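> Just so it is clear, I am handing over structure-v8.pdb, which has PDB, C-alpha atoms.
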ATOM      1  CA  MET A   1     -14.949  26.259  13.259
ATOM      2  CA  PRO A   2     -13.158  22.934  12.675
ATOM      3  CA  ARG A   3      -9.705  23.187  11.138
ATOM      4  CA  LEU A   4      -7.199  20.626   9.933
ATOM      5  CA  PHE A   5      -3.710  20.663   8.453
ATOM      6  CA  ILE A   6      -2.411  18.179   5.864
ATOM      7  CA  SER A   7       1.218  18.127   4.711
ATOM      8  CA  ARG A   8       0.308  17.755   1.051
ATOM      9  CA  GLU A   9      -0.962  20.054  -1.677
ATOM     10  CA  LEU A  10      -4.504  19.073  -2.654
ATOM     11  CA  ASN A  11      -5.757  19.885  -6.131
ATOM     12  CA  SER A  12      -9.309  21.085  -6.769
ATOM     13  CA  SER A  13     -10.476  17.580  -7.735
ATOM     14  CA  SER A  14      -8.889  15.906  -4.701
ATOM     15  CA  ILE A  15     -10.925  13.004  -3.287
ATOM     16  CA  PHE A  16      -9.788  14.166   0.151
ATOM     17  CA  ARG A  17     -11.401  17.592  -0.351
ATOM     18  CA  GLU A  18     -14.527  16.017  -1.791
ATOM     19  CA  MET A  19     -15.035  13.594   1.091
ATOM     20  CA  LEU A  20     -14.307  16.206   3.770
ATOM     21  CA  SER A  21     -16.775  18.672   2.232
ATOM     22  CA  THR A  22     -19.471  16.992   4.342
ATOM     23  CA  ILE A  23     -18.001  18.596   7.484
ATOM     24  CA  GLU A  24     -19.673  21.970   7.859
ATOM     25  CA  TYR A  25     -17.388  25.029   7.956
ATOM     26  CA  LEU A  26     -14.244  22.888   7.862
ATOM     27  CA  THR A  27     -11.050  24.787   6.979
ATOM     28  CA  ILE A  28      -8.281  22.753   5.331
ATOM     29  CA  HIS A  29      -4.712  24.027   5.269
ATOM     30  CA  ASP A  30      -2.851  21.935   2.697
ATOM     31  CA  GLU A  31       0.872  22.602   2.417
ATOM     32  CA  PRO A  32       3.911  20.364   1.892
ATOM     33  CA  LEU A  33       6.633  21.061   4.461
ATOM     34  CA  ILE A  34       9.373  19.743   2.171
ATOM     35  CA  GLU A  35      11.441  21.439  -0.512
ATOM     36  CA  LEU A  36      12.041  19.184  -3.536
ATOM     37  CA  ILE A  37      15.200  19.791  -5.566
ATOM     38  CA  PRO A  38      15.931  17.717  -8.712
ATOM     39  CA  ILE A  39      19.263  15.927  -9.018
ATOM     40  CA  PRO A  40      20.249  15.741 -12.713
ATOM     41  CA  PHE A  41      21.359  12.455 -14.268
ATOM     42  CA  SER A  42      22.675  11.659 -17.739
ATOM     43  CA  HIS A  43      22.015   7.928 -18.077
ATOM     44  CA  ILE A  44      20.433   4.943 -16.369
ATOM     45  CA  GLU A  45      22.284   1.767 -15.493
ATOM     46  CA  PRO A  46      21.285  -1.447 -17.340
ATOM     47  CA  CYS A  47      18.496  -3.113 -15.386
ATOM     48  CA  ASP A  48      15.488  -5.423 -15.600
ATOM     49  CA  TRP A  49      13.112  -3.315 -13.489
ATOM     50  CA  ILE A  50      12.681   0.368 -12.713
ATOM     51  CA  PHE A  51      10.822   0.649  -9.408
ATOM     52  CA  PHE A  52       9.312   3.856  -8.027
ATOM     53  CA  THR A  53       8.485   4.381  -4.362
ATOM     54  CA  SER A  54       6.739   7.766  -4.761
ATOM     55  CA  LYS A  55       4.877   9.980  -7.226
ATOM     56  CA  ASN A  56       7.653  12.552  -6.902
ATOM     57  CA  ALA A  57      10.226  10.021  -8.100
ATOM     58  CA  VAL A  58       8.123   9.292 -11.193
ATOM     59  CA  SER A  59       7.687  12.993 -11.918
ATOM     60  CA  PHE A  60      11.383  13.894 -11.571
ATOM     61  CA  PHE A  61      12.503  10.799 -13.509
ATOM     62  CA  PHE A  62      10.389  11.517 -16.571
ATOM     63  CA  GLN A  63      11.104  15.245 -16.477
ATOM     64  CA  GLN A  64      14.800  14.465 -16.712
ATOM     65  CA  ILE A  65      14.699  11.747 -19.376
ATOM     66  CA  LYS A  66      12.548  14.022 -21.565
ATOM     67  CA  LEU A  67      14.986  16.871 -21.003
ATOM     68  CA  ILE A  68      18.018  14.828 -22.068
ATOM     69  CA  LYS A  69      16.047  12.844 -24.691
ATOM     70  CA  LEU A  70      16.927   9.513 -23.112
ATOM     71  CA  LYS A  71      15.092   6.412 -24.343
ATOM     72  CA  VAL A  72      14.368   3.630 -21.860
ATOM     73  CA  PRO A  73      14.743   0.130 -23.380
ATOM     74  CA  SER A  74      11.311  -1.325 -24.167
ATOM     75  CA  GLU A  75      12.050  -4.622 -22.396
ATOM     76  CA  ILE A  76      12.395  -2.951 -18.985
ATOM     77  CA  LYS A  77       9.540  -3.606 -16.554
ATOM     78  CA  TRP A  78       8.045  -0.975 -14.283
ATOM     79  CA  GLY A  79       7.198  -1.214 -10.591
ATOM     80  CA  ALA A  80       5.207   1.110  -8.329
ATOM     81  CA  ILE A  81       4.754   1.161  -4.570
ATOM     82  CA  GLY A  82       1.033   1.892  -4.797
ATOM     83  CA  LEU A  83      -1.954   3.238  -6.691
ATOM     84  CA  GLY A  84      -0.925   6.901  -6.633
ATOM     85  CA  THR A  85       2.491   6.067  -8.065
ATOM     86  CA  SER A  86       0.906   3.809 -10.705
ATOM     87  CA  LYS A  87      -1.386   6.661 -11.750
ATOM     88  CA  GLU A  88       1.613   8.955 -12.074
ATOM     89  CA  LEU A  89       3.236   6.364 -14.373
ATOM     90  CA  LEU A  90       0.063   6.303 -16.483
ATOM     91  CA  LYS A  91       0.437  10.051 -17.039
ATOM     92  CA  ASN A  92       3.665   9.112 -18.821
ATOM     93  CA  GLN A  93       1.991   6.354 -20.883
ATOM     94  CA  ILE A  94       3.439   3.582 -18.713
ATOM     95  CA  ASN A  95       1.409   0.714 -17.268
ATOM     96  CA  ALA A  96       2.974  -0.652 -14.080
ATOM     97  CA  ASP A  97       3.962  -4.323 -14.384
ATOM     98  CA  PHE A  98       3.814  -4.496 -10.579
ATOM     99  CA  SER A  99       1.870  -2.252  -8.221
ATOM    100  CA  GLY A 100       1.771  -2.671  -4.460
ATOM    101  CA  ASN A 101      -0.630  -1.533  -1.744
ATOM    102  CA  GLY A 102       1.496   1.419  -0.582
ATOM    103  CA  HIS A 103       2.894  -0.179   2.587
ATOM    104  CA  PRO A 104       6.670  -0.624   2.003
ATOM    105  CA  GLU A 105       7.019  -3.852   4.012
ATOM    106  CA  ASN A 106       4.074  -5.524   2.266
ATOM    107  CA  VAL A 107       5.185  -4.231  -1.112
ATOM    108  CA  GLY A 108       8.711  -5.552  -0.630
ATOM    109  CA  LEU A 109       7.445  -9.007   0.298
ATOM    110  CA  GLY A 110       4.975  -8.995  -2.595
ATOM    111  CA  PHE A 111       7.702  -8.029  -5.056
ATOM    112  CA  LEU A 112      10.163 -10.682  -3.857
ATOM    113  CA  PRO A 113       9.154 -13.328  -6.459
ATOM    114  CA  PHE A 114       9.532 -10.771  -9.283
ATOM    115  CA  SER A 115      12.976  -9.687  -8.084
ATOM    116  CA  LYS A 116      14.648 -13.089  -8.203
ATOM    117  CA  ASN A 117      17.980 -12.808 -10.040
ATOM    118  CA  LYS A 118      16.959  -9.419 -11.466
ATOM    119  CA  VAL A 119      18.706  -6.050 -11.536
ATOM    120  CA  ILE A 120      16.365  -3.441 -10.067
ATOM    121  CA  LEU A 121      16.840   0.299 -10.364
ATOM    122  CA  PHE A 122      15.208   2.533  -7.744
ATOM    123  CA  PRO A 123      15.064   6.219  -8.787
ATOM    124  CA  SER A 124      14.409   7.871  -5.439
ATOM    125  CA  ALA A 125      14.943  10.693  -2.982
ATOM    126  CA  LYS A 126      18.488  11.259  -1.781
ATOM    127  CA  ASN A 127      17.529  10.454   1.810
ATOM    128  CA  SER A 128      15.226   7.523   1.011
ATOM    129  CA  ARG A 129      14.786   4.954   3.764
ATOM    130  CA  GLU A 130      15.176   2.200   1.126
ATOM    131  CA  SER A 131      12.633  -0.014   2.898
ATOM    132  CA  ILE A 132      11.736  -2.039  -0.201
ATOM    133  CA  GLN A 133      15.358  -2.349  -1.311
ATOM    134  CA  LYS A 134      16.316  -3.883   2.039
ATOM    135  CA  ILE A 135      13.694  -6.602   1.581
ATOM    136  CA  VAL A 136      14.203  -7.529  -2.078
ATOM    137  CA  LYS A 137      18.015  -7.506  -2.028
ATOM    138  CA  GLN A 138      17.932 -11.087  -0.705
ATOM    139  CA  ASN A 139      16.482 -12.261  -4.029
ATOM    140  CA  ALA A 140      17.755  -9.673  -6.498
ATOM    141  CA  LEU A 141      20.906 -10.015  -8.554
ATOM    142  CA  ASN A 142      21.645  -6.347  -7.929
ATOM    143  CA  ILE A 143      19.940  -3.293  -6.409
ATOM    144  CA  ILE A 144      20.763   0.128  -7.847
ATOM    145  CA  THR A 145      19.583   3.144  -5.885
ATOM    146  CA  MET A 146      19.702   6.290  -8.022
ATOM    147  CA  PRO A 147      19.018   9.592  -6.177
ATOM    148  CA  ILE A 148      17.126  11.859  -8.584
ATOM    149  CA  TYR A 149      15.844  14.480  -6.147
ATOM    150  CA  ASN A 150      16.638  15.850  -2.737
ATOM    151  CA  ASN A 151      13.912  16.458  -0.190
ATOM    152  CA  LEU A 152      14.750  18.931   2.550
ATOM    153  CA  PRO A 153      12.668  20.326   5.425
ATOM    154  CA  LYS A 154      11.045  23.635   4.486
ATOM    155  CA  GLN A 155      12.254  26.589   6.535
ATOM    156  CA  ASN A 156       9.527  29.204   6.123
ATOM    157  CA  PHE A 157       5.920  28.274   6.837
ATOM    158  CA  HIS A 158       3.133  29.106   9.263
ATOM    159  CA  ILE A 159       0.520  26.617  10.465
ATOM    160  CA  GLU A 160      -2.406  27.852  12.537
ATOM    161  CA  GLU A 161      -3.645  25.869  15.518
ATOM    162  CA  SER A 162      -5.740  22.980  14.188
ATOM    163  CA  ASP A 163      -7.972  20.226  15.511
ATOM    164  CA  LEU A 164      -6.133  17.555  13.540
ATOM    165  CA  TYR A 165      -2.694  17.428  11.880
ATOM    166  CA  ILE A 166      -2.272  14.965   9.017
ATOM    167  CA  PHE A 167       1.264  13.959   8.033
ATOM    168  CA  THR A 168       2.073  12.238   4.756
ATOM    169  CA  SER A 169       5.742  11.401   5.338
ATOM    170  CA  PRO A 170       8.298  11.207   8.165
ATOM    171  CA  LEU A 171      10.201  14.199   6.776
ATOM    172  CA  ASN A 172       7.067  16.356   6.963
ATOM    173  CA  VAL A 173       6.872  15.450  10.667
ATOM    174  CA  ILE A 174      10.520  16.415  11.160
ATOM    175  CA  SER A 175      10.004  19.725   9.367
ATOM    176  CA  PHE A 176       6.906  20.572  11.443
ATOM    177  CA  SER A 177       8.522  19.579  14.746
ATOM    178  CA  GLN A 178      11.506  21.856  14.097
ATOM    179  CA  LYS A 179       9.132  24.811  14.414
ATOM    180  CA  TYR A 180       6.190  23.631  16.529
ATOM    181  CA  LEU A 181       5.675  21.302  19.474
ATOM    182  CA  LEU A 182       3.720  18.179  18.497
ATOM    183  CA  LYS A 183       3.366  16.504  21.879
ATOM    184  CA  ASN A 184      -0.227  17.473  22.705
ATOM    185  CA  LYS A 185      -1.615  17.591  19.170
ATOM    186  CA  ASN A 186      -4.002  15.133  17.528
ATOM    187  CA  CYS A 187      -2.140  13.619  14.586
ATOM    188  CA  LEU A 188      -2.963  11.267  11.731
ATOM    189  CA  ALA A 189      -0.147   9.373  10.006
ATOM    190  CA  ILE A 190      -0.297   8.011   6.470
ATOM    191  CA  GLY A 191       1.706   4.895   7.412
ATOM    192  CA  ASN A 192       3.968   3.115   9.878
ATOM    193  CA  ALA A 193       7.135   5.129   9.203
ATOM    194  CA  THR A 194       5.293   8.422   9.646
ATOM    195  CA  ALA A 195       3.623   7.146  12.820
ATOM    196  CA  SER A 196       7.043   6.141  14.196
ATOM    197  CA  GLU A 197       8.396   9.621  13.507
ATOM    198  CA  LEU A 198       5.411  11.130  15.324
ATOM    199  CA  GLN A 199       6.177   8.909  18.305
ATOM    200  CA  ASN A 200       9.803  10.088  18.188
ATOM    201  CA  SER A 201       8.454  13.657  18.335
ATOM    202  CA  GLY A 202       6.536  12.873  21.515
ATOM    203  CA  VAL A 203       3.032  12.627  20.056
ATOM    204  CA  VAL A 204       0.623  10.604  22.168
ATOM    205  CA  ASN A 205      -2.621  10.966  20.214
ATOM    206  CA  ILE A 206      -1.726   9.209  16.949
ATOM    207  CA  LEU A 207      -4.210   7.895  14.419
ATOM    208  CA  LYS A 208      -2.993   5.803  11.491
ATOM    209  CA  SER A 209      -4.600   5.484   8.084
ATOM    210  CA  PRO A 210      -5.296   1.829   7.134
ATOM    211  CA  PHE A 211      -4.115   2.558   3.583
ATOM    212  CA  PRO A 212      -1.730   5.242   2.276
ATOM    213  CA  THR A 213      -4.308   6.880   0.004
ATOM    214  CA  GLU A 214      -6.189  10.176   0.144
ATOM    215  CA  GLU A 215      -9.468   8.272   0.333
ATOM    216  CA  SER A 216      -8.279   6.329   3.379
ATOM    217  CA  LEU A 217      -6.913   9.490   5.011
ATOM    218  CA  ALA A 218     -10.243  11.227   4.393
ATOM    219  CA  GLN A 219     -12.300   8.369   5.813
ATOM    220  CA  THR A 220     -10.116   8.147   8.930
ATOM    221  CA  THR A 221     -10.471  11.914   9.342
ATOM    222  CA  LEU A 222     -14.259  11.738   8.947
ATOM    223  CA  ASN A 223     -14.457   8.977  11.545
ATOM    224  CA  TRP A 224     -12.347  11.018  13.949
ATOM    225  CA  PHE A 225     -14.485  14.154  13.643
ATOM    226  CA  LYS A 226     -17.671  12.082  14.063
ATOM    227  CA  SER A 227     -16.290  10.623  17.293
ATOM    228  CA  LEU A 228     -15.862  14.054  18.918
TER
END
Would you mind giving the structure from this file in structure tokens?


Amino acid sequence: MPRLFISRELNSSSIFREMLSTIEYLTIHDEPLIELIPIPFSHIEPCDWIFFTSKNAVSFFFQQIKLIKLKVPSEIKWGAIGLGTSKELLKNQINADFSGNGHPENVGLGFLPFSKNKVILFPSAKNSRESIQKIVKQNALNIITMPIYNNLPKQNFHIEESDLYIFTSPLNVISFSQKYLLKNKNCLAIGNATASELQNSGVVNILKSPFPTEESLAQTTLNWFKSL
């Protein structure tokens, strides 16, 4: 029976699950290989934009400001790296003033005109690669990176042998490769950074999703299984 692993928890209404349901007898093992630990904060620095580069950052940010009853000034604008992050903002009654396509390099370039002479706050993971920050700092008045959660490789997990391994971040690749050899496995990366980490781990058979969305991951997976 076909089996795949994806380094993300999929809810019951996941578009990925729905699209892959066409593959008969397919078993999906969905499990994040990262431990997320909130980093408390008591205030936010004055800024023009608050920009989120992940759904997790949105979730931890709003959990904390609700906990400490902190009000964000109404004039602040909101940025999101992509559709999933924008949807997470909507859950908190926020419409993104800027939303990118999910690819950090493209998003950074697209946000450049909006960043000119602005102070931009990036609530993010402690070990963020800061890809967007590195691009927009040339135009921005100031970049403030605020770590609001730590993401660490998970220690205890078991992944059965699968036909395809789907990785949704570089850190998930690192976590997996600390326990299992990746070299001869068929892998699908959500984006360039994840694909680079797979290469660093010795993977030869790397697919890459055209877009960093579950729908794109599912379609790439479907195409791969059909090609067998």

> On this file, the PyMOL selection byres ((chain A and resi 212-220) around 12) gives some set of residues; write that set as a ChimeraX atom specification.

/A:4,6-11,13-23,28,54,81-85,100-104,164-169,187-195,206-211,221-227

> Keeping only C-alpha atoms, write the selected residues as a CSV table (one decimal), in the frame of the given file.


chain,number,residue,atom,x,y,z
A,4,LEU,CA,-7.2,20.6,9.9
A,6,ILE,CA,-2.4,18.2,5.9
A,7,SER,CA,1.2,18.1,4.7
A,8,ARG,CA,0.3,17.8,1.1
A,9,GLU,CA,-1.0,20.1,-1.7
A,10,LEU,CA,-4.5,19.1,-2.7
A,11,ASN,CA,-5.8,19.9,-6.1
A,13,SER,CA,-10.5,17.6,-7.7
A,14,SER,CA,-8.9,15.9,-4.7
A,15,ILE,CA,-10.9,13.0,-3.3
A,16,PHE,CA,-9.8,14.2,0.2
A,17,ARG,CA,-11.4,17.6,-0.4
A,18,GLU,CA,-14.5,16.0,-1.8
A,19,MET,CA,-15.0,13.6,1.1
A,20,LEU,CA,-14.3,16.2,3.8
A,21,SER,CA,-16.8,18.7,2.2
A,22,THR,CA,-19.5,17.0,4.3
A,23,ILE,CA,-18.0,18.6,7.5
A,28,ILE,CA,-8.3,22.8,5.3
A,54,SER,CA,6.7,7.8,-4.8
A,81,ILE,CA,4.8,1.2,-4.6
A,82,GLY,CA,1.0,1.9,-4.8
A,83,LEU,CA,-2.0,3.2,-6.7
A,84,GLY,CA,-0.9,6.9,-6.6
A,85,THR,CA,2.5,6.1,-8.1
A,100,GLY,CA,1.8,-2.7,-4.5
A,101,ASN,CA,-0.6,-1.5,-1.7
A,102,GLY,CA,1.5,1.4,-0.6
A,103,HIS,CA,2.9,-0.2,2.6
A,104,PRO,CA,6.7,-0.6,2.0
A,164,LEU,CA,-6.1,17.6,13.5
A,165,TYR,CA,-2.7,17.4,11.9
A,166,ILE,CA,-2.3,15.0,9.0
A,167,PHE,CA,1.3,14.0,8.0
A,168,THR,CA,2.1,12.2,4.8
A,169,SER,CA,5.7,11.4,5.3
A,187,CYS,CA,-2.1,13.6,14.6
A,188,LEU,CA,-3.0,11.3,11.7
A,189,ALA,CA,-0.1,9.4,10.0
A,190,ILE,CA,-0.3,8.0,6.5
A,191,GLY,CA,1.7,4.9,7.4
A,192,ASN,CA,4.0,3.1,9.9
A,193,ALA,CA,7.1,5.1,9.2
A,194,THR,CA,5.3,8.4,9.6
A,195,ALA,CA,3.6,7.1,12.8
A,206,ILE,CA,-1.7,9.2,16.9
A,207,LEU,CA,-4.2,7.9,14.4
A,208,LYS,CA,-3.0,5.8,11.5
A,209,SER,CA,-4.6,5.5,8.1
A,210,PRO,CA,-5.3,1.8,7.1
A,211,PHE,CA,-4.1,2.6,3.6
A,221,THR,CA,-10.5,11.9,9.3
A,222,LEU,CA,-14.3,11.7,8.9
A,223,ASN,CA,-14.5,9.0,11.5
A,224,TRP,CA,-12.3,11.0,13.9
A,225,PHE,CA,-14.5,14.2,13.6
A,226,LYS,CA,-17.7,12.1,14.1
A,227,SER,CA,-16.3,10.6,17.3

> Got a sec: who's within 9 Å of Ser177 (chain A), counting only C-alpha atoms, leaving out chain neighbours fewer than 5 positions off, as a VMD selection string?

chain A and resid 172 182 201

> Rounded to one decimal, what separation in Å do you get between CA of Asn150 (chain A) and CA of Pro73 (chain A)?

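A separation of 26.0 Å between them.
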
> Padding 4 Å on every side, please: axis-aligned box over the listed atoms of region 129-139 of chain A, centre and edge lengths to one decimal in Å, as lines of an AutoDock Vina configuration file.


center_x = 14.9
center_y = -3.7
center_z = -0.1
size_x = 14.3
size_y = 25.2
size_z = 15.8

> Between A:Phe176, A:Lys87, A:Gln199, A:Lys71, single out the one closest to Phe157 (chain A), counting all atoms listed in the file.

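Of all the options, A:Phe176 lies closest to Phe157 (chain A).
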
> Please determine, counting all atoms listed in the file, which residue among A:Ser196, A:Thr27, A:Thr53, A:Asn205 has the shortest atom-to-atom distance to Glu130 (chain A).

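Counting all atoms listed in the file, the residue closest to Glu130 (chain A) is A:Thr53.
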
> Using all atoms listed in the file, can you tell me which of A:Phe122, A:Tyr149, A:Phe111, A:Phe62 comes closest to Ile94 (chain A)?

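Using all atoms listed in the file, Ile94 (chain A) sits closest to A:Phe62.
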
> To one decimal place, how far is CA of Phe51 (chain A) from CA of Gln63 (chain A) in Å?

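Taking CA of Phe51 (chain A) as the start and CA of Gln63 (chain A) as the end point, the length is 16.2 Å.
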
> The PyMOL selection byres ((chain A and resi 184) around 10) on the file shown: which residues, as an MDAnalysis selection string?

chainID A and resid 181:183 185:187 202:205
